[in-house]
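Some notes on the structure that comes next.
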Amino acid sequence: MHLSNLLQVLSGCRRILILCHHNADPDALGSATALSRLLTFCLPGLHVEVSAPCGMSKVSRKIIPHLPGFSTCISSLSEVDAVVLVDTNTLSQLDDFEYSLRNLAKPIVFIDHHAYHTQTDSIAALYIVDEDASSASEVIFGLYEEAGRRPDRESAQALFLGIAYDTRHFALARSKTLMVVARLVDLGASAEKLLPLLAAPVESSERVARLKAAQRMQCEHIIGWYVVHTVVGSYQASVARALVALGADIAVVGGERRGKLKISMRSSRDFYETTKIHLGRDIASRLGQIMKGAGGGHSTSAGFNGEGKLEDAMNFCLKLIRGSLEGGDKETKAAESISNGKANHACVNEGKSGQIMI
Ligand SMILES: [Mn+2]
């Protein structure tokens with residue numbers, strides 16, 4: 001079903017571009033590589049280029065030699081007939097390309113596993129999103145199944161790396177994911193060879209960012225949950241992950257660079273399962289609607305990229321979290337209070353909440 005829709009959108013195209021989000025991770029690279037092979041098979045004569053135009057992560061650079069077909073030099077958007085974005089929730093994840101893509105009068109396809117995003121749906125010629133999938137790579141494996149085709153060894157390796165990375169070495173995998181992984185191993189993906197590639201030592205700049213952010217972190221205890229927040233110039237996602245590992249139930253980490261805001265948030269699985277607060281849908285995406293920018297992500301891992309005052313964005317984000325925890329009514333009031341420019345810091349101490357300065 002998804003595959004036939006995809007082939008229909010791309011039929012008649014001579015040249016297409018598959019793009020990864022900024023700071024492309026192994027899931028973005030793996031899904032893009034395997035998708036390019038599938039499309040080349042299904043649509044003979046189609047020229048497919050794969051690229052991460054906004055850079056890739058350190059661990060991604062380690063796996064690139066195992067992913068043939070990646071180009072650093074790509075055709076310009078004017079030369080291609082369609083663009084496919086993998087593992088990408090919103091166009092804002094394409095940094096400087098956002099504007100060109102938004103104004104590209106050609107089909108844009110999104111293939112993703114993050115929370116459904118209405119804005120993305122409104123600009124996409126086709127939006128394939130499976131929120132239950134562990135990774136975009138697992139979604140691409142589903143397309144192979146629909147095509148009745150087995151991934152070749154290199155595509156199996158690419159998908160294995162994508163799934164292993166996004167599931168934190170299968171710790172977050174569902175049973176279905178493990179069935180897919182077993183198939184990929186059968187097709188030639190060697191766990192012994194591939195898993196060590198994903199182990200990247202933490203650089204000292206990243207450790208310093210984590211330590212500095214922890215030092216200025218603030219912690220609130222809201223209805224039994226430890227909600228922590230802090231600000232740091234870089235590595236926001238790494239800091240948020242580290243703070244949850246340290247014991248926070250939910251961590252919000254903001255940063256500002258050259259006028260651009262970035263907020264990363266993470267929560268523990270227990271927090272999500274008990275409160276059902278979905279960070280991507282209930283917090284990040286809403287933050288994107290109020291602030292200038294876009295937000296989205298998963299249940300326990302989400303982000304916002306935008307513009308404006310970092311303090312406002314952080315306050316609003318925390319109000320959304322408090323509101324979601326304390327009840328829907330307050331959440332709406334919190335949104336109104338911020339959008340009216342009346343950010344009220346005092347509400348931290350409302351009700352059962354207490355602020356702990358650390
Ligand atoms: Mn992913």
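Residues are named by chain letter and number: chains run A, B, ... in the order of the structure tokens, numbers start at 1 in each chain, and ligands are numbered from 1 in the order shown.
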- Message: Based on the backbone DSSP call, show me all residues of region 32-272 of chain A assigned strand (DSSP E or B), as a PyMOL selection string.
- Response: chain A and resi 47-51+56+70+82-86+108-112+126-129+218-222+225-231+250-257+260-267
Give me a file of those residues, with N, CA and C atoms, as a CSV table (one decimal), in the first residue's frame.
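Result file is selection_16.csv:
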chain,number,residue,atom,x,y,z
A,47,HIS,N,17.3,7.7,-11.6
A,47,HIS,CA,18.6,8.0,-11.0
A,47,HIS,C,18.4,8.5,-9.6
A,48,VAL,N,18.9,7.8,-8.6
A,48,VAL,CA,18.7,8.2,-7.2
A,48,VAL,C,20.0,8.6,-6.5
A,49,GLU,N,19.9,9.8,-5.9
A,49,GLU,CA,21.1,10.3,-5.2
A,49,GLU,C,20.7,10.4,-3.7
A,50,VAL,N,21.7,10.1,-2.9
A,50,VAL,CA,21.4,10.1,-1.4
A,50,VAL,C,22.4,11.0,-0.8
A,51,SER,N,21.9,11.9,0.1
A,51,SER,CA,22.8,12.8,0.7
A,51,SER,C,22.3,13.3,2.1
A,56,MET,N,26.4,15.3,9.2
A,56,MET,CA,26.1,14.1,9.9
A,56,MET,C,26.8,13.9,11.2
A,70,PHE,N,26.6,6.9,-0.9
A,70,PHE,CA,26.4,8.2,-0.4
A,70,PHE,C,27.2,9.3,-1.1
A,82,ALA,N,11.9,15.1,-7.8
A,82,ALA,CA,11.2,14.9,-6.6
A,82,ALA,C,12.3,14.7,-5.5
A,83,VAL,N,11.8,14.9,-4.2
A,83,VAL,CA,12.7,14.8,-3.1
A,83,VAL,C,12.0,13.9,-2.0
A,84,VAL,N,12.8,12.9,-1.5
A,84,VAL,CA,12.3,12.1,-0.4
A,84,VAL,C,13.1,12.4,0.8
A,85,LEU,N,12.4,12.7,1.9
A,85,LEU,CA,13.1,12.9,3.2
A,85,LEU,C,12.9,11.8,4.1
A,86,VAL,N,13.9,11.2,4.6
A,86,VAL,CA,13.8,10.0,5.5
A,86,VAL,C,14.1,10.4,7.0
A,108,ILE,N,7.3,16.3,-2.6
A,108,ILE,CA,8.2,16.0,-1.5
A,108,ILE,C,7.5,14.8,-0.7
A,109,VAL,N,8.3,13.8,-0.5
A,109,VAL,CA,7.8,12.6,0.2
A,109,VAL,C,8.5,12.5,1.5
A,110,PHE,N,7.8,12.2,2.6
A,110,PHE,CA,8.4,12.0,3.9
A,110,PHE,C,8.2,10.6,4.3
A,111,ILE,N,9.2,9.9,4.8
A,111,ILE,CA,9.1,8.6,5.3
A,111,ILE,C,9.7,8.6,6.7
A,112,ASP,N,8.9,8.4,7.7
A,112,ASP,CA,9.3,8.7,9.1
A,112,ASP,C,8.7,7.8,10.1
A,126,LEU,N,3.4,12.8,-0.3
A,126,LEU,CA,3.1,11.6,0.3
A,126,LEU,C,3.8,11.5,1.7
A,127,TYR,N,3.1,11.1,2.7
A,127,TYR,CA,3.6,11.1,4.1
A,127,TYR,C,3.5,9.7,4.6
A,128,ILE,N,4.5,9.0,4.6
A,128,ILE,CA,4.5,7.6,5.2
A,128,ILE,C,5.0,7.7,6.6
A,129,VAL,N,4.2,7.5,7.6
A,129,VAL,CA,4.7,7.6,9.0
A,129,VAL,C,4.1,6.5,9.8
A,218,GLN,N,18.1,23.2,37.1
A,218,GLN,CA,17.1,23.4,38.1
A,218,GLN,C,16.1,22.2,38.1
A,219,CYS,N,15.7,21.9,39.3
A,219,CYS,CA,14.8,20.7,39.4
A,219,CYS,C,13.5,21.1,40.1
A,220,GLU,N,12.4,20.6,39.5
A,220,GLU,CA,11.1,20.8,40.1
A,220,GLU,C,10.5,19.5,40.4
A,221,HIS,N,9.8,19.4,41.6
A,221,HIS,CA,9.2,18.2,41.9
A,221,HIS,C,7.7,18.4,41.7
A,222,ILE,N,7.2,17.8,40.6
A,222,ILE,CA,5.7,18.1,40.3
A,222,ILE,C,5.0,16.8,40.4
A,225,TRP,N,7.0,13.8,40.2
A,225,TRP,CA,7.9,13.6,39.1
A,225,TRP,C,9.1,14.7,39.2
A,226,TYR,N,10.3,14.3,38.9
A,226,TYR,CA,11.4,15.2,38.9
A,226,TYR,C,11.5,15.8,37.5
A,227,VAL,N,11.2,17.1,37.4
A,227,VAL,CA,11.3,17.7,36.1
A,227,VAL,C,12.5,18.7,36.1
A,228,VAL,N,13.5,18.4,35.3
A,228,VAL,CA,14.7,19.3,35.4
A,228,VAL,C,14.9,20.1,34.1
A,229,HIS,N,15.5,21.2,34.2
A,229,HIS,CA,15.7,22.0,33.0
A,229,HIS,C,17.0,22.8,33.2
A,230,THR,N,17.7,23.0,32.0
A,230,THR,CA,18.9,23.7,32.1
A,230,THR,C,19.2,24.3,30.7
A,231,VAL,N,20.2,25.1,30.6
A,231,VAL,CA,20.6,25.7,29.3
A,231,VAL,C,22.1,25.5,29.0
A,250,ILE,N,12.0,13.8,33.7
A,250,ILE,CA,11.9,14.5,32.4
A,250,ILE,C,13.0,15.6,32.4
A,251,ALA,N,13.7,15.8,31.3
A,251,ALA,CA,14.7,16.8,31.2
A,251,ALA,C,14.5,17.7,30.0
A,252,VAL,N,14.6,19.0,30.2
A,252,VAL,CA,14.4,20.0,29.1
A,252,VAL,C,15.7,20.8,29.0
A,253,VAL,N,16.3,20.7,27.9
A,253,VAL,CA,17.6,21.4,27.7
A,253,VAL,C,17.6,22.3,26.5
A,254,GLY,N,17.8,23.6,26.8
A,254,GLY,CA,17.7,24.6,25.8
A,254,GLY,C,19.0,25.2,25.4
A,255,GLY,N,19.1,25.8,24.2
A,255,GLY,CA,20.3,26.4,23.8
A,255,GLY,C,20.0,27.4,22.7
A,256,GLU,N,21.0,28.4,22.5
A,256,GLU,CA,20.8,29.4,21.5
A,256,GLU,C,22.1,29.6,20.8
A,257,ARG,N,22.0,29.6,19.4
A,257,ARG,CA,23.2,29.8,18.7
A,257,ARG,C,22.9,30.6,17.4
A,260,LYS,N,19.3,31.2,16.6
A,260,LYS,CA,18.5,30.0,16.5
A,260,LYS,C,18.3,29.3,17.8
A,261,LEU,N,17.1,28.9,18.1
A,261,LEU,CA,16.9,28.2,19.4
A,261,LEU,C,16.8,26.7,19.2
A,262,LYS,N,17.2,26.0,20.2
A,262,LYS,CA,17.1,24.5,20.1
A,262,LYS,C,16.7,24.0,21.5
A,263,ILE,N,15.7,23.2,21.6
A,263,ILE,CA,15.4,22.6,22.9
A,263,ILE,C,15.2,21.1,22.7
A,264,SER,N,16.0,20.4,23.5
A,264,SER,CA,15.9,18.9,23.5
A,264,SER,C,15.2,18.5,24.7
A,265,MET,N,14.3,17.5,24.6
A,265,MET,CA,13.7,17.0,25.8
A,265,MET,C,13.7,15.5,25.8
A,266,ARG,N,13.8,14.9,27.0
A,266,ARG,CA,13.8,13.4,27.1
A,266,ARG,C,13.1,13.1,28.4
A,267,SER,N,12.4,12.0,28.4
A,267,SER,CA,11.8,11.5,29.6
A,267,SER,C,12.1,10.0,29.8
- Task: Could you report the residues within 12 Å of ligand 1, using only C-alpha atoms and all ligand atoms, as a ChimeraX atom specification?
- Result: /A:20-21,23-32,85-89,111-115,129-140,159,161-168,297-298,301-302
- Smallest atom-to-atom distance to Glu98 (chain A): which of A:Leu19, A:Val185, A:Val239, A:Leu7, using only C-alpha atoms? A:Leu19
- Assign secondary structure with DSSP using the backbone only, and return the residues of region 98-276 of chain A in helix (DSSP H, G or I) as a PyMOL selection string. chain A and resi 98-102+118-123+136-147+153-166+175-186+191-198+204-215+236-246+269-275
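When only C-alpha atoms are used to measure the gap to Val202 (chain A), the shortest distance among A:Leu6, A:Val59, A:Leu325, A:Leu310 belongs to A:Val59.
The coordinates place CA of Gly303 (chain A) at 18.2 Å from CA of Met217 (chain A).
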- Considering only C-alpha atoms, state which residue in the set A:Pro151, A:Gly224, A:Gly327, A:Gly288 is at the smallest distance from Ala189 (chain A). A:Pro151
- Note on the structure: Expressed in Å, the length from CA of Ser204 (chain A) to CA of Ser92 (chain A) is 28.7 Å
- Message: Could you list, as a ChimeraX atom specification, every residue within 9 Å of Asp81 (chain A), counting only C-alpha atoms and ignoring same-chain residues fewer than 4 positions away?
- Response: /A:10,12-17,77,106-107
Let me see the file: selected residues, N, CA, C and O atoms, as a compact mmCIF listing (two decimals), in the first residue's frame.
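Listed below is the output, out-v4.txt:
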# COMPACT_ATOMS: atom_id res chain seq x y z
N LEU A 10 6.46 8.74 -7.59
CA LEU A 10 7.76 8.88 -8.25
C LEU A 10 7.76 8.43 -9.71
O LEU A 10 8.76 8.59 -10.40
N GLY A 12 7.52 8.46 -13.48
CA GLY A 12 7.71 9.58 -14.39
C GLY A 12 8.91 10.45 -14.00
O GLY A 12 9.34 11.29 -14.77
N CYS A 13 9.44 10.24 -12.79
CA CYS A 13 10.63 10.99 -12.38
C CYS A 13 11.86 10.37 -13.04
O CYS A 13 11.95 9.15 -13.17
N ARG A 14 12.80 11.21 -13.41
CA ARG A 14 14.05 10.67 -13.96
C ARG A 14 15.16 10.71 -12.92
O ARG A 14 16.05 9.90 -12.89
N ARG A 15 15.06 11.69 -12.05
CA ARG A 15 16.14 11.90 -11.08
C ARG A 15 15.51 12.34 -9.76
O ARG A 15 14.72 13.28 -9.74
N ILE A 16 15.87 11.64 -8.68
CA ILE A 16 15.34 12.07 -7.38
C ILE A 16 16.47 12.14 -6.35
O ILE A 16 17.55 11.58 -6.54
N LEU A 17 16.16 12.83 -5.29
CA LEU A 17 17.13 13.04 -4.23
C LEU A 17 16.55 12.52 -2.92
O LEU A 17 15.40 12.84 -2.59
N LEU A 77 18.60 21.17 -6.26
CA LEU A 77 17.17 20.85 -6.21
C LEU A 77 16.49 21.12 -7.55
O LEU A 77 15.51 20.47 -7.90
N LYS A 106 7.81 20.80 -6.51
CA LYS A 106 7.97 19.40 -6.93
C LYS A 106 7.54 18.52 -5.77
O LYS A 106 7.56 18.96 -4.63
N PRO A 107 7.19 17.26 -6.07
CA PRO A 107 6.71 16.41 -4.97
C PRO A 107 7.78 16.18 -3.90
O PRO A 107 8.95 15.95 -4.21
- Message: Which residue is closest to Leu194 (chain A)? Choose from A:Tyr116, A:Phe160, A:Phe271, A:Phe170 and count only C-alpha atoms.
- Response: A:Phe160
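Between Asn5 (chain A) and the candidates A:Ala147, A:Arg183, A:Ser100, A:His66, the tightest atom-to-atom separation, counting only C-alpha atoms, involves A:Ala147.
Closest to Leu3 (chain A) among A:Lys176, A:Arg61, A:His22, A:Arg149 is A:Arg149, based on only C-alpha atoms.
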